[in-house]
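K.L.:
start_10.cif is reproduced in full below (mmCIF, C-alpha atoms).
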```
data_input
loop_
_atom_site.label_atom_id
_atom_site.label_comp_id
_atom_site.auth_asym_id
_atom_site.auth_seq_id
_atom_site.Cartn_x
_atom_site.Cartn_y
_atom_site.Cartn_z
CA MET I 1240 -9.80 -125.31 40.00
CA ALA I 1241 -12.29 -123.49 42.18
CA LEU I 1242 -9.49 -121.26 43.38
CA ALA I 1243 -8.44 -120.53 39.83
CA ILE I 1244 -12.00 -119.70 38.80
CA SER I 1245 -12.48 -117.53 41.85
CA SER I 1246 -9.21 -115.73 41.24
CA GLY I 1247 -10.02 -115.23 37.58
CA ALA I 1248 -13.44 -113.83 38.39
CA SER I 1249 -12.01 -111.38 40.87
CA VAL I 1250 -9.39 -110.14 38.41
CA GLY I 1251 -11.19 -110.32 35.08
CA THR I 1252 -14.68 -109.07 35.95
CA ARG I 1253 -16.12 -105.82 37.31
CA PRO I 1254 -19.24 -105.21 39.28
CA PRO I 1255 -22.21 -104.13 37.15
CA GLY I 1256 -21.96 -100.44 36.29
CA ALA I 1257 -18.28 -100.21 37.33
CA GLU I 1258 -17.38 -98.85 33.90
CA ARG I 1259 -19.70 -95.97 34.71
CA SER I 1260 -18.49 -95.47 38.26
CA ARG I 1261 -16.99 -92.10 37.33
CA PRO I 1262 -19.98 -89.76 37.13
CA ALA I 1263 -20.21 -87.54 34.08
CA ALA I 1264 -19.98 -83.84 34.67
CA HIS I 1265 -23.36 -82.15 34.81
CA PRO I 1266 -24.19 -80.31 31.56
CA TRP I 1267 -24.74 -77.06 33.43
CA ALA I 1268 -21.34 -77.45 35.13
CA ARG I 1269 -19.67 -77.85 31.73
CA PHE I 1270 -21.65 -74.90 30.43
CA ALA I 1271 -20.58 -72.75 33.40
CA LEU I 1272 -16.92 -73.70 32.95
CA ARG I 1273 -16.99 -73.05 29.22
CA ARG I 1274 -18.89 -69.77 29.35
CA GLY I 1275 -17.10 -68.65 32.50
CA GLY I 1276 -13.73 -69.19 30.84
CA GLY I 1277 -14.86 -67.20 27.82
CA VAL I 1278 -16.10 -64.34 29.99
CA LEU I 1279 -12.85 -64.23 31.98
CA LEU I 1280 -10.83 -64.17 28.76
CA SER I 1281 -13.00 -61.35 27.40
CA PHE I 1282 -12.56 -59.37 30.61
CA ALA I 1283 -8.79 -59.90 30.52
CA LEU I 1284 -8.56 -58.61 26.94
CA LEU I 1285 -10.85 -55.72 27.80
CA LEU I 1286 -8.67 -54.73 30.75
CA LEU I 1287 -5.55 -54.86 28.59
CA ILE I 1288 -7.09 -52.81 25.78
CA THR I 1289 -8.50 -50.14 28.08
CA PHE I 1290 -5.22 -49.92 29.96
CA LEU I 1291 -3.27 -49.31 26.73
CA ILE I 1292 -5.51 -46.36 25.83
CA VAL I 1293 -3.46 -43.95 27.93
CA PRO I 1294 0.08 -45.06 26.94
CA LEU I 1295 -0.73 -45.34 23.22
CA LEU I 1296 -2.73 -42.15 22.71
CA PRO I 1297 -0.73 -39.15 21.44
CA GLY I 1298 0.12 -36.50 23.97
CA ASP I 1299 1.30 -36.58 27.55
CA PRO I 1300 -1.47 -37.33 30.07
CA ALA I 1301 0.54 -35.57 32.77
CA VAL I 1302 0.44 -32.33 30.76
CA VAL I 1303 -3.34 -32.64 30.39
CA ALA I 1304 -3.82 -33.45 34.06
CA ALA I 1305 -1.58 -30.60 35.21
CA GLY I 1306 -3.59 -28.10 33.19
CA GLU I 1307 -2.70 -25.25 30.91
CA GLY I 1308 0.19 -23.08 31.95
CA ALA I 1309 1.68 -25.70 34.28
CA THR I 1310 5.42 -25.53 34.79
CA ALA I 1311 7.76 -28.43 34.06
CA GLU I 1312 8.10 -29.07 37.78
CA GLN I 1313 4.31 -29.21 38.23
CA ILE I 1314 3.99 -31.58 35.27
CA GLU I 1315 6.64 -33.86 36.75
CA ARG I 1316 4.92 -33.90 40.14
CA THR I 1317 1.62 -34.70 38.41
CA ARG I 1318 3.27 -37.55 36.51
CA GLU I 1319 4.62 -38.99 39.76
CA SER I 1320 1.27 -38.63 41.56
CA LEU I 1321 -0.52 -40.43 38.73
CA GLY I 1322 2.09 -43.18 38.66
CA LEU I 1323 2.91 -42.47 35.01
CA ASP I 1324 6.65 -42.59 35.71
CA ALA I 1325 6.46 -46.27 36.74
CA PRO I 1326 7.11 -49.18 34.32
CA LEU I 1327 4.10 -50.33 32.29
CA LEU I 1328 3.76 -53.58 34.22
CA VAL I 1329 3.59 -51.67 37.49
CA GLN I 1330 1.04 -49.26 35.98
CA PHE I 1331 -1.06 -52.21 34.76
CA ALA I 1332 -0.98 -53.81 38.21
CA GLN I 1333 -2.14 -50.53 39.75
CA TYR I 1334 -4.88 -50.22 37.13
CA LEU I 1335 -6.06 -53.78 37.76
CA ARG I 1336 -6.14 -53.20 41.50
CA GLY I 1337 -8.14 -50.03 40.95
CA VAL I 1338 -10.68 -51.80 38.72
CA LEU I 1339 -11.16 -54.57 41.27
CA THR I 1340 -11.81 -51.96 43.98
CA PHE I 1341 -13.97 -49.76 41.71
CA ASP I 1342 -11.33 -47.02 41.83
CA LEU I 1343 -10.98 -45.91 38.20
CA GLY I 1344 -9.03 -42.76 38.99
CA THR I 1345 -9.98 -39.11 38.89
CA SER I 1346 -11.34 -37.11 36.00
CA PHE I 1347 -8.81 -34.66 34.61
CA ALA I 1348 -11.58 -32.20 33.68
CA THR I 1349 -13.67 -32.12 36.85
CA GLY I 1350 -11.47 -33.69 39.52
CA THR I 1351 -14.27 -36.05 40.56
CA PRO I 1352 -13.87 -39.84 40.76
CA VAL I 1353 -14.32 -41.52 37.39
CA ALA I 1354 -16.62 -44.16 38.88
CA SER I 1355 -19.11 -41.51 39.96
CA VAL I 1356 -18.96 -39.81 36.55
CA VAL I 1357 -19.54 -43.08 34.71
CA PHE I 1358 -22.27 -44.51 36.93
CA ALA I 1359 -24.14 -41.19 36.94
CA ARG I 1360 -24.51 -41.50 33.15
CA LEU I 1361 -25.11 -45.26 33.04
CA PRO I 1362 -28.88 -45.19 33.86
CA PHE I 1363 -29.59 -42.96 30.84
CA THR I 1364 -27.80 -45.29 28.41
CA ALA I 1365 -29.27 -48.39 30.06
CA GLU I 1366 -32.76 -46.93 29.75
CA ILE I 1367 -32.48 -46.49 25.99
CA ALA I 1368 -30.62 -49.78 25.42
CA LEU I 1369 -33.03 -51.96 27.43
CA ILE I 1370 -36.17 -50.47 25.87
CA ALA I 1371 -34.62 -50.76 22.39
CA ILE I 1372 -33.62 -54.39 22.97
CA CYS I 1373 -37.11 -55.38 24.16
CA LEU I 1374 -38.83 -53.57 21.28
CA THR I 1375 -36.41 -55.10 18.76
CA LEU I 1376 -37.36 -58.62 19.86
CA LEU I 1377 -41.07 -57.83 20.10
CA ILE I 1378 -41.16 -56.34 16.59
CA SER I 1379 -38.66 -58.42 14.62
CA VAL I 1380 -39.97 -61.89 15.52
CA PRO I 1381 -43.65 -61.27 14.55
CA LEU I 1382 -42.58 -59.22 11.51
CA GLY I 1383 -40.22 -61.88 10.17
CA THR I 1384 -42.61 -64.73 10.95
CA GLY I 1385 -45.52 -62.89 9.32
CA ALA I 1386 -43.48 -62.23 6.18
CA ALA I 1387 -42.51 -65.90 5.98
CA LEU I 1388 -46.13 -66.94 6.51
CA LEU I 1389 -47.42 -64.66 3.74
CA THR I 1390 -44.78 -65.74 1.23
CA ARG I 1391 -44.44 -69.44 2.02
CA GLY I 1392 -44.36 -71.77 -0.95
CA GLY I 1393 -43.44 -68.93 -3.32
CA ARG I 1394 -46.73 -67.10 -2.84
CA ARG I 1395 -46.99 -63.30 -2.99
CA PRO I 1396 -43.53 -62.62 -4.47
CA GLY I 1397 -44.29 -58.91 -4.41
CA VAL I 1398 -44.55 -58.96 -0.61
CA ASP I 1399 -41.25 -60.84 -0.45
CA HIS I 1400 -39.47 -58.29 -2.66
CA VAL I 1401 -40.88 -55.31 -0.76
CA PHE I 1402 -39.95 -56.84 2.61
CA ASN I 1403 -36.37 -57.60 1.54
CA ALA I 1404 -35.89 -54.22 -0.13
CA LEU I 1405 -37.22 -52.17 2.78
CA THR I 1406 -35.39 -54.07 5.53
CA SER I 1407 -32.12 -54.03 3.55
CA PHE I 1408 -32.38 -50.30 2.87
CA VAL I 1409 -33.27 -49.31 6.44
CA PHE I 1410 -30.57 -51.54 7.92
CA ALA I 1411 -27.97 -50.00 5.58
CA VAL I 1412 -28.70 -46.48 6.83
CA PRO I 1413 -26.25 -45.52 9.63
CA ASN I 1414 -28.05 -44.95 12.91
CA TYR I 1415 -26.75 -41.39 13.28
CA VAL I 1416 -28.20 -40.55 9.83
CA LEU I 1417 -31.48 -42.17 10.85
CA ALA I 1418 -31.41 -40.20 14.10
CA THR I 1419 -30.94 -36.95 12.18
CA LEU I 1420 -33.86 -37.79 9.89
CA LEU I 1421 -36.08 -38.58 12.86
CA VAL I 1422 -35.21 -35.24 14.47
CA TYR I 1423 -36.00 -33.37 11.26
CA VAL I 1424 -39.34 -35.11 10.64
CA PHE I 1425 -40.81 -35.53 14.12
CA ALA I 1426 -39.16 -32.70 16.06
CA ILE I 1427 -38.54 -29.91 13.56
CA HIS I 1428 -41.08 -30.44 10.76
CA LEU I 1429 -44.02 -31.90 12.70
CA GLY I 1430 -43.11 -30.64 16.16
CA TRP I 1431 -44.51 -33.72 17.87
CA LEU I 1432 -41.49 -34.71 19.96
CA PRO I 1433 -38.54 -32.94 21.61
CA ALA I 1434 -35.32 -32.92 19.62
CA SER I 1435 -32.93 -33.24 22.54
CA GLY I 1436 -32.58 -33.59 26.28
CA ALA I 1437 -34.07 -36.01 28.78
CA ALA I 1438 -36.61 -33.82 30.56
CA THR I 1439 -39.75 -35.85 29.72
CA LEU I 1440 -40.70 -39.42 28.87
CA SER I 1441 -41.42 -38.34 25.30
CA SER I 1442 -37.70 -37.55 24.98
CA LEU I 1443 -37.09 -41.31 25.02
CA LEU I 1444 -39.04 -42.03 21.84
CA LEU I 1445 -36.75 -40.68 19.13
CA PRO I 1446 -33.42 -41.97 20.57
CA THR I 1447 -34.94 -45.40 21.19
CA ALA I 1448 -36.37 -45.56 17.66
CA ALA I 1449 -33.03 -44.54 16.16
CA VAL I 1450 -31.24 -47.29 18.09
CA MET I 1451 -33.70 -50.13 17.43
CA ILE I 1452 -34.93 -49.69 13.83
CA GLY I 1453 -31.79 -50.96 12.12
CA PRO I 1454 -31.24 -54.02 14.36
CA ALA I 1455 -34.97 -54.83 14.19
CA CYS I 1456 -34.76 -54.96 10.38
CA ALA I 1457 -31.66 -57.16 10.52
CA LEU I 1458 -33.22 -59.58 13.00
CA ALA I 1459 -36.52 -59.63 11.08
CA ARG I 1460 -34.64 -60.75 7.95
CA ILE I 1461 -33.00 -63.57 9.91
CA VAL I 1462 -36.32 -64.62 11.43
CA ARG I 1463 -38.03 -64.54 8.02
CA ARG I 1464 -35.39 -66.77 6.44
CA GLU I 1465 -35.44 -69.31 9.30
CA ALA I 1466 -39.24 -69.32 9.53
CA ALA I 1467 -39.55 -69.91 5.77
CA SER I 1468 -37.29 -72.95 6.13
CA ILE I 1469 -39.26 -74.29 9.10
CA PHE I 1470 -42.58 -73.91 7.24
CA GLU I 1471 -41.24 -76.36 4.65
CA GLU I 1472 -40.31 -79.03 7.18
CA ASP I 1473 -42.15 -82.35 7.02
CA TYR I 1474 -43.68 -82.08 10.48
CA VAL I 1475 -45.18 -78.69 9.61
CA ARG I 1476 -46.57 -80.09 6.35
CA THR I 1477 -48.07 -82.95 8.35
CA ALA I 1478 -49.65 -80.50 10.80
CA ARG I 1479 -51.23 -78.62 7.89
CA GLY I 1480 -52.51 -81.95 6.59
CA TRP I 1481 -54.30 -82.43 9.90
CA ARG I 1482 -56.24 -79.23 9.13
CA LEU I 1483 -54.78 -77.42 12.13
CA SER I 1484 -55.18 -73.66 12.12
CA THR I 1485 -52.34 -71.47 10.92
CA TRP I 1486 -52.13 -69.83 14.35
CA HIS I 1487 -51.87 -73.23 16.06
CA ILE I 1488 -49.16 -74.43 13.68
CA THR I 1489 -47.17 -71.24 14.01
CA SER I 1490 -47.36 -70.98 17.80
CA ARG I 1491 -47.00 -74.71 18.54
CA TYR I 1492 -44.45 -75.85 15.96
CA VAL I 1493 -42.77 -72.93 14.21
CA LEU I 1494 -42.02 -70.43 17.00
CA PRO I 1495 -40.34 -72.94 19.38
CA SER I 1496 -38.03 -74.07 16.59
CA LEU I 1497 -37.43 -70.49 15.55
CA LEU I 1498 -36.59 -69.29 19.03
CA THR I 1499 -33.29 -71.17 19.26
CA THR I 1500 -31.88 -69.71 16.06
CA THR I 1501 -33.18 -66.24 16.88
CA LEU I 1502 -31.56 -66.20 20.31
CA THR I 1503 -28.30 -67.61 18.94
CA LEU I 1504 -27.91 -64.80 16.41
CA SER I 1505 -29.50 -62.00 18.41
CA GLY I 1506 -26.79 -61.94 21.08
CA LEU I 1507 -24.27 -60.15 18.90
CA ILE I 1508 -26.94 -57.91 17.35
CA LEU I 1509 -28.25 -56.82 20.74
CA ALA I 1510 -24.74 -56.27 22.12
CA GLY I 1511 -23.98 -54.09 19.12
CA MET I 1512 -26.98 -51.94 20.01
CA LEU I 1513 -25.04 -50.63 23.00
CA GLY I 1514 -22.56 -49.09 20.60
CA GLY I 1515 -25.45 -47.72 18.55
CA ALA I 1516 -26.92 -46.13 21.65
CA VAL I 1517 -23.61 -44.40 22.35
CA VAL I 1518 -23.52 -42.87 18.85
CA VAL I 1519 -27.19 -41.85 18.85
CA GLU I 1520 -26.92 -40.09 22.23
CA THR I 1521 -24.70 -37.40 20.75
CA VAL I 1522 -27.36 -36.53 18.15
CA PHE I 1523 -30.07 -36.08 20.79
CA SER I 1524 -27.81 -34.58 23.49
CA TRP I 1525 -28.89 -37.45 25.71
CA PRO I 1526 -26.90 -37.33 29.00
CA GLY I 1527 -25.64 -40.90 28.79
CA LEU I 1528 -22.32 -42.64 28.25
CA GLY I 1529 -22.18 -41.65 24.58
CA THR I 1530 -22.29 -37.93 25.28
CA GLY I 1531 -19.88 -38.46 28.16
CA ILE I 1532 -17.24 -40.19 26.05
CA VAL I 1533 -17.47 -37.53 23.32
CA GLN I 1534 -16.94 -34.80 25.92
CA ALA I 1535 -14.06 -36.77 27.45
CA ILE I 1536 -12.38 -37.17 24.05
CA THR I 1537 -12.62 -33.45 23.28
CA GLN I 1538 -11.20 -32.64 26.73
CA ARG I 1539 -8.60 -35.45 26.53
CA ASP I 1540 -9.96 -36.76 29.81
CA TYR I 1541 -8.21 -40.13 29.55
CA PRO I 1542 -9.47 -41.72 32.81
CA VAL I 1543 -13.11 -41.06 31.84
CA ILE I 1544 -12.52 -42.43 28.32
CA ARG I 1545 -10.97 -45.54 29.80
CA GLY I 1546 -13.78 -46.00 32.35
CA ILE I 1547 -16.63 -45.63 29.83
CA ILE I 1548 -15.06 -48.02 27.31
CA LEU I 1549 -14.43 -50.54 30.08
CA LEU I 1550 -18.03 -50.34 31.30
CA LEU I 1551 -19.48 -50.67 27.79
CA GLY I 1552 -17.31 -53.72 27.12
CA VAL I 1553 -18.41 -55.35 30.37
CA LEU I 1554 -22.09 -54.67 29.60
CA ALA I 1555 -21.78 -56.12 26.08
CA THR I 1556 -20.06 -59.25 27.41
CA LEU I 1557 -22.68 -59.75 30.12
CA LEU I 1558 -25.51 -59.24 27.61
CA ILE I 1559 -24.13 -62.00 25.38
CA LEU I 1560 -23.77 -64.23 28.46
CA VAL I 1561 -27.41 -63.61 29.45
CA VAL I 1562 -28.55 -64.51 25.93
CA ASP I 1563 -26.51 -67.75 26.12
CA ILE I 1564 -28.10 -68.65 29.46
CA VAL I 1565 -31.62 -67.97 28.16
CA LEU I 1566 -30.84 -70.06 25.07
CA ALA I 1567 -29.63 -72.94 27.26
CA LEU I 1568 -32.84 -72.77 29.31
CA VAL I 1569 -34.98 -72.79 26.16
CA ASP I 1570 -32.99 -75.51 24.38
CA PRO I 1571 -30.86 -77.65 26.76
CA ARG I 1572 -29.12 -79.23 23.75
CA THR I 1573 -27.04 -76.06 23.47
CA LEU I 1574 -25.44 -76.71 26.85
CA ASP I 1575 -22.82 -78.84 25.11
CA GLY I 1576 -23.04 -77.00 21.81
CA GLU I 1577 -24.74 -80.01 20.23
CA ALA I 1578 -27.81 -82.13 20.53
CA ALA I 1579 -28.01 -84.01 23.78
#
```
Take the structure in the file and give it back as structure tokens.

P.N.:
Amino acid sequence: MALAISSGASVGTRPPGAERSRPAAHPWARFALRRGGGVLLSFALLLLITFLIVPLLPGDPAVVAAGEGATAEQIERTRESLGLDAPLLVQFAQYLRGVLTFDLGTSFATGTPVASVVFARLPFTAEIALIAICLTLLISVPLGTGAALLTRGGRRPGVDHVFNALTSFVFAVPNYVLATLLVYVFAIHLGWLPASGAATLSSLLLPTAAVMIGPACALARIVRREAASIFEEDYVRTARGWRLSTWHITSRYVLPSLLTTTLTLSGLILAGMLGGAVVVETVFSWPGLGTGIVQAITQRDYPVIRGIILLLGVLATLLILVVDIVLALVDPRTLDGEAA
């Protein structure tokens, strides 16, 4: 009997905690795998799309690279030197190897390496984009929260209507139209700021304003709607019942809850600002990636077009990733996409 009991115990029971002997993956490890997989997939699609720019665009790149007046023999030699006579899979493998070694080819227009052309223009675009992103967050969050605070509980409907009308109208105006209006008012009519170029720090003001005003209005509307909902939560009502100051309630209870939603939605808005910066640069003759890609398109400089689009896609993907990481640090529940 003792043997039977002993045998049964050894077979039918487990040591305490044995069912949990397999350790759960760390939330940050799962987050890294999930986000890392998404980033790799985005990069793969980006590489494929940028590679197909040259084969799918009308015209023969070899003719453009050989230059005007080139003979058929010269064009054929150029095609062979560029590897355009190889099968598409071979060309894609060569392109991928070049990207991994930062060799994006040579500009058809200038004969200089594409990487040097692109990275020479990158600081100008990054300067506008980073300043615009910071100002967008600094303006939209207080503006949206203040509008929600003034109109909570249905008070001051006039303020609510004016806020919604103005932000909707400004956001609907294309940024290149807004840029043109800013040039007319502040550069031509008033003469306060330069209309183009990057010679002085004041040259930054108009391009940055043109890039950030629309996204700031969009984000302020989102913040206002979320803040209005949070102000009606029971815990906020309870805090008001404790006679806490409005500033204390807003900073202690409303803003932390608001930050998660704001960061979640702002990633795509801020990434889209890179595209806005590219468009606005052409209006102000700003020597960034936007002006560079317009010049490359007019010159049919395919390697430069491909390199700039690739870089902009990488920057947008990394910006969204940074926002996700900041959001995970602020609210660890988002590590698994749900409450912990």

K.L.:
How many Å separate atom CA of I:Ala1283 from atom CA of I:Leu1554?

P.N.:
14.3 Å

K.L.:
If the PyMOL selection byres ((chain I and resi 1299) around 12) is run on the structure shown, which residues does it catch, given as a list of chain:residue names?

P.N.:
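Applied to this file, the PyMOL selection byres ((chain I and resi 1299) around 12) selects I:Val1293, I:Pro1294, I:Leu1295, I:Leu1296, I:Pro1297, I:Gly1298, I:Pro1300, I:Ala1301, I:Val1302, I:Val1303, I:Ala1304, I:Ala1305, I:Gly1306, I:Ile1314, I:Glu1315, I:Thr1317, I:Arg1318, I:Leu1321, I:Leu1323, I:Asp1324, I:Arg1539, I:Asp1540, I:Tyr1541.
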
K.L.:
Restrict the selected residues to C-alpha atoms and save them as a PDB file, in the frame of the given file.

P.N.:
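As a result, out22.pdb now contains:
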```pdb
ATOM      1  CA  VAL I1293      -3.460 -43.950  27.930  1.00  0.00           C
ATOM      2  CA  PRO I1294       0.080 -45.060  26.940  1.00  0.00           C
ATOM      3  CA  LEU I1295      -0.730 -45.340  23.220  1.00  0.00           C
ATOM      4  CA  LEU I1296      -2.730 -42.150  22.710  1.00  0.00           C
ATOM      5  CA  PRO I1297      -0.730 -39.150  21.440  1.00  0.00           C
ATOM      6  CA  GLY I1298       0.120 -36.500  23.970  1.00  0.00           C
ATOM      7  CA  PRO I1300      -1.470 -37.330  30.070  1.00  0.00           C
ATOM      8  CA  ALA I1301       0.540 -35.570  32.770  1.00  0.00           C
ATOM      9  CA  VAL I1302       0.440 -32.330  30.760  1.00  0.00           C
ATOM     10  CA  VAL I1303      -3.340 -32.640  30.390  1.00  0.00           C
ATOM     11  CA  ALA I1304      -3.820 -33.450  34.060  1.00  0.00           C
ATOM     12  CA  ALA I1305      -1.580 -30.600  35.210  1.00  0.00           C
ATOM     13  CA  GLY I1306      -3.590 -28.100  33.190  1.00  0.00           C
ATOM     14  CA  ILE I1314       3.990 -31.580  35.270  1.00  0.00           C
ATOM     15  CA  GLU I1315       6.640 -33.860  36.750  1.00  0.00           C
ATOM     16  CA  THR I1317       1.620 -34.700  38.410  1.00  0.00           C
ATOM     17  CA  ARG I1318       3.270 -37.550  36.510  1.00  0.00           C
ATOM     18  CA  LEU I1321      -0.520 -40.430  38.730  1.00  0.00           C
ATOM     19  CA  LEU I1323       2.910 -42.470  35.010  1.00  0.00           C
ATOM     20  CA  ASP I1324       6.650 -42.590  35.710  1.00  0.00           C
ATOM     21  CA  ARG I1539      -8.600 -35.450  26.530  1.00  0.00           C
ATOM     22  CA  ASP I1540      -9.960 -36.760  29.810  1.00  0.00           C
ATOM     23  CA  TYR I1541      -8.210 -40.130  29.550  1.00  0.00           C
TER      24      TYR I1541
END
```

K.L.:
Quick one: of I:Gly1531, I:Pro1571, I:Gly1322, I:Pro1495, who's nearest to I:Phe1270, counting only C-alpha atoms?

P.N.:
I:Pro1571

K.L.:
So the first atom is atom CA of I:Tyr1415 and the second is atom CA of I:Phe1523; what is the distance between them in Å, to one decimal place?

P.N.:
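Separation of atom CA of I:Tyr1415 and atom CA of I:Phe1523: 9.8 Å.
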
K.L.:
Point out the residue among I:Ile1367, I:Leu1440, I:Ala1459, I:Arg1391 with the least atom-to-atom distance to I:Val1409, counting all atoms listed in the file.

P.N.:
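So, comparing all the options, the nearest one is I:Ala1459.
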
K.L.:
If you take only C-alpha atoms and a cut-off of 12 Å, which residues of stretch 1493-1521 of chain I touch stretch 1371-1375 of chain I, and what are their nearest atom pairs and distances in Å to one decimal, in chain and number order, as JSON lines?

P.N.:
```
{"residue": "I:Thr1501", "atom": "CA", "partner": "I:Thr1375", "partner_atom": "CA", "distance": 11.8}
{"residue": "I:Ser1505", "atom": "CA", "partner": "I:Thr1375", "partner_atom": "CA", "distance": 9.8}
{"residue": "I:Gly1506", "atom": "CA", "partner": "I:Ile1372", "partner_atom": "CA", "distance": 10.4}
{"residue": "I:Leu1507", "atom": "CA", "partner": "I:Ile1372", "partner_atom": "CA", "distance": 11.7}
{"residue": "I:Ile1508", "atom": "CA", "partner": "I:Ile1372", "partner_atom": "CA", "distance": 9.4}
{"residue": "I:Leu1509", "atom": "CA", "partner": "I:Ile1372", "partner_atom": "CA", "distance": 6.3}
{"residue": "I:Ala1510", "atom": "CA", "partner": "I:Ile1372", "partner_atom": "CA", "distance": 9.1}
{"residue": "I:Gly1511", "atom": "CA", "partner": "I:Ile1372", "partner_atom": "CA", "distance": 10.4}
{"residue": "I:Met1512", "atom": "CA", "partner": "I:Ile1372", "partner_atom": "CA", "distance": 7.7}
{"residue": "I:Leu1513", "atom": "CA", "partner": "I:Ile1372", "partner_atom": "CA", "distance": 9.4}
{"residue": "I:Gly1515", "atom": "CA", "partner": "I:Ala1371", "partner_atom": "CA", "distance": 10.4}
{"residue": "I:Ala1516", "atom": "CA", "partner": "I:Ala1371", "partner_atom": "CA", "distance": 9.0}
```

K.L.:
Given the point (-27.9, -72.2, 19.2) in the file's coordinates, find the residues that have an atom at most 7 Å from it, counting only C-alpha atoms, and give them as a PyMOL selection string.

P.N.:
chain I and resi 1499-1500+1503+1566+1573
